Amino acid sequence: MRSGGVSGRIWLILVLIAVMMAGTAGALSYFKFEMKLRELVTSQLTTKTAELHSKIQRVLMLGLLLPELNELQLLVEREAGREERTDLVDIHDETGRILFSSDRDRIGQALADYDAAAVHAAPIQVVTGDATITIRMPFRNDFDQLIGGLSVRYSISDTRQKQQWMAGYLVTGAVITIGVCGLLSLLGTRLVVGRLEKQARQTRLSLKQIYDPTDASATSPEERYRTLVSRLERGPDLIADARDEVARDAARIVAALRRTVAAETATQATKNERFPADVSVG
Amino acid sequence: MHSIRTVSTRVFILSVLVLLTAAAMMAAWAHRSFGPQLLPEAEKRTIAAGEVLAAQIARALEAGVPPDKLVGVEDILADTMAVRDDLRYIRILDPAGRELFRRDAEANGNGSLPVLDRPDAILDTVVPVMVQNRPLLLIHLGVDRRFVDRLSRDLLIDIITVLVVSALCALEVLLFIGNATTAELRELRWLADEAERGRLVTRLYSRARDEYGRILAWYSAVVQVLAEGGRKMKEAIIPPGSGQSSATDPVDHDVVPDATRSLNVVAARLSIFIFALAEELSRPFFPLYVQEVAGRVGDLSPHLIAALPISTFMMVWALAQMFGAAWSEHVGRRKAFIIGAVAGAGGLAMTGMSVGFYDLVLWRCVTAVGYGVLMIAVQGIVVDNTDEASRARGFSMFVGGTLAAGICGPAFGGVLADQIGYRPTFVLGGFVALASCAVIYACAVETRRPNVGNSASINWHYIATLFRNRRFVTLVAASALPTKLAATGILFYLVPLFLNSAGADSADIGRALPLYFVGFMCVSPLVAQISDRLAMRKEFLTAGGVLSGIACLVVLWLDGFWAAALCSLGLGAAQALISAPQLALVLDTCDEEVKSFGAAAVLGVFRFVERMGSFLSPFLAAALITYGGYDGAIIGIGILVAVCALLFYVGFRKRTTDSSSRP
């Protein structure tokens, strides 16, 4: 198959359609999967965080102040060690300053990306990092005032692995799809336009015998004209053998050109004085 | 025997076959893995809830409280069930299987679904309560299987949505490709037809280098030789200026093949599809983005702040189309398109980089100017490359491209915004918009049909004259304006905000909005066919208005996604009832003005006035939100449209009484 041929072009386009289809479907499917997975994992981790949150919130409802609850340090350390996925547990005050943390070095530091207004606006905040999810929940006193919050960071490397697996799986699917479609297109193209293209090539070669645009032997326009006129008359008769549409169209063009030349040379002066004797008129 | 039609049909069938194969394979592939990957995560969610309960109970047991003497367990179970509507029951059993505590969904008030009388209706998950490494109690959590089935079904719907959107995009490309691959064959046929009629053509538009392209090049070279050589020979016989006329030149130097014209129209469709797709990407989140970027602006309410850029865009877009028509004719369609697309792309990208309200509005205006100019350039390309007989089909191609973009854009945009954020989605939209330039630049050629008044300029005299026609005023005020008002206000403004307030993400919004275009596309062809035949245009307009109102009332009975989805779908279908009959009725109503100024001018004024509805609607919606919330605003606009439709039915007189109503 010639790459520049119409069948090659159609094949290439069909493969491109398959690539486009598989690519967009694969990418969008992945995004959908990722979104659904994130939703499920977040819901799962929110349940866990809510348990710890309600445990502390119940104590706070008794009227105790957050900084005074020293046993919270033990609690956060125990919680961090209880489950493999729990990466970091912080309890902070209303300004975002960390009061208790499973990483003791963090105590006294300000919580990164803390936005008190956002905490007021949404009861649960989910901050997604590269391989972590942080869930934040505020603590309120009896007067519904913000007095601090709980921030738990979970490692979601297993989720990331799942995503990577899905990405690889979808890429494999897309490659197989493109391969199958490529083969299908190849066969289909051969069936649909393969023969037509062969006939077009034959037609072009026949036309080249009448006139070859690349032939440099004729230099002046008049000479080229004379050569063309003579060959139009004496050249191979395409009409007789024209079995396919392209050849028939080409033959119609040749016949029309012949008629046009005949009409143009109908002037007696042209006939007698200028045109070669072998050009028949009419 | 291969005819061109046969080849075109076969290529199209082959392309669709490839497309369907790709779609089916990807759907099967994705569906095969989604369930097994996600369902365990859903189960883990139930296990997590069970573990939380187990930890609480274990603490009490560790303190020495006997299992059957535990206090407050029912409350804990009720709390857990309150946040988990997929749970049918939670039971706590001792190792002997004796039930100590139980809470059912019905008792908890979340038994909205009837209990299924099926052995596998409930998926029972067991979590042990461990005390000193011994399971003292067992917690059974019964998940209603329908929630798990719903997860699988949602995944399937997502996959189908993805496939439909991808297939629609591919079909748009296919339409262009199907035309482009047979362009040379059709051009050769056309040349043969023309040659038989005695007309030889010198200027060829084909750039193909395949066999057909070479045959066309051969033809071109031969005609050149005949033209050039023949002219020289003739000049030798009859010197120029001698007064003797030669035979008529059979060579036509300025004719455009039909294949090229048709390729121009499909290239225009693909280009408008690509640009509209880029613009539609932001549809699901635009009002939310405005609220996020703009912050506080003077004393303006957040709703008005979100409304202003949409209204300004609509206004500038309408003005750009109005004044861009003559300009695009002057500079050429391709050039106008490319300038419009570059401006639009720049505007989109810069919208994504806005730092405040004012520059955001400015960049939306730039986008609107670009989009307006581009739209008018595309319409010009359609007019230039069609004749009276094929113009309607040409315009339907153009409308089809924008509708397909309306379906695909929000769906893509919603997912993209969730993944990469609002700002990068705008910037990406800018790059996509630039691709439309490439299509027009590479595939369309400048052609112009002689004596075609493409862009009648609109002036105030036309507007004043039209507004003296009472029937026109009734049509505009009671039908056209409310229709646009509902479409823009609800679709562009209210649905994204309504869904966002219901907790939906951008992807959900992106799934609901395209349903408007789906409804429109399903009903529109049918209406176009029967409204003329039945000669009941007024009735169609009234029905469309009333149904638009009913579609808006859906929010009374449904919540969240389904309310927005059904409202969008119903609104699209209802508006399709109005679209085609409305234009026909305008021309019918303004027959005298059409005779004086031309149909293009009358329709131009109508379109401009109609778009004032789009301009006003976000303001009205913002005001209604203040009083009735998002659902109240949707209902309010729905009632307004329905009432206007009924007033139109009463107030719009049939042509028989026309003379008495005209001043």
# chains A, B, ... in the order shown; residues from 1 in each chain; ligands from 1
>>> interface_residues(of="chain B", to="chain A", cutoff="6 Å", atoms="only C-alpha atoms", output="PyMOL selection string")
chain B and resi 1+3+18+22+45+162-163+166+189+192+195-196+210-211+215+225-226+229
>>> atom_distance(atom1="atom CA of B:Ala576", atom2="atom CA of B:Cys522")
8.5 Å
>>> select_by_dssp(residues="stretch 69-271 of chain A", states="helix (DSSP H, G or I)", output="VMD selection string")
chain A and resid 71 to 82 104 to 106 116 to 121 157 to 210 221 to 234 238 to 241 245 to 264 268 to 271
>>> residues_around(residues="B:Gly545", least_positions_apart="2", cutoff="12 Å", atoms="only C-alpha atoms", output="PyMOL selection string")
chain B and resi 478-487+538-543+547-552+570-579+582+637-649
>>> select_by_dssp(residues="stretch 38-253 of chain A", states="strand (DSSP E)", output="ChimeraX atom specification")
/A:86-93,98-101,125-128,132-140,146-155
>>> residues_around(residues="B:Ser301", least_positions_apart="6", cutoff="10 Å", atoms="only C-alpha atoms", output="ChimeraX atom specification")
/B:307,622-623,626
>>> write_last_selection(atoms="N, CA and C atoms", output="PDB file, in the first residue's frame")
ATOM      1  N   ALA B 307     -23.455  36.583  37.808  1.00  0.00           N
ATOM      2  CA  ALA B 307     -24.315  36.837  36.641  1.00  0.00           C
ATOM      3  C   ALA B 307     -23.687  37.805  35.647  1.00  0.00           C
ATOM      4  N   ALA B 622     -30.379  36.054  39.251  1.00  0.00           N
ATOM      5  CA  ALA B 622     -29.700  36.464  40.489  1.00  0.00           C
ATOM      6  C   ALA B 622     -30.695  37.085  41.460  1.00  0.00           C
ATOM      7  N   ALA B 623     -31.615  37.911  40.911  1.00  0.00           N
ATOM      8  CA  ALA B 623     -32.624  38.547  41.768  1.00  0.00           C
ATOM      9  C   ALA B 623     -33.557  37.487  42.362  1.00  0.00           C
ATOM     10  N   THR B 626     -32.193  35.479  45.327  1.00  0.00           N
ATOM     11  CA  THR B 626     -32.234  36.193  46.605  1.00  0.00           C
ATOM     12  C   THR B 626     -33.543  35.920  47.341  1.00  0.00           C
TER      13      THR B 626
END
>>> atom_distance(atom1="atom CA of A:Leu74", atom2="atom CA of A:Asp90")
11.8 Å
>>> residues_around(residues="A:Gly108", least_positions_apart="5", cutoff="12 Å", atoms="only C-alpha atoms", output="list of chain:residue names")
A:Pro67, A:Asp90, A:Ile91, A:His92, A:Asp93, A:Thr95, A:Gly96, A:Arg97, A:Ile98, A:Leu99, A:Phe100, A:Ser101, A:Asp103
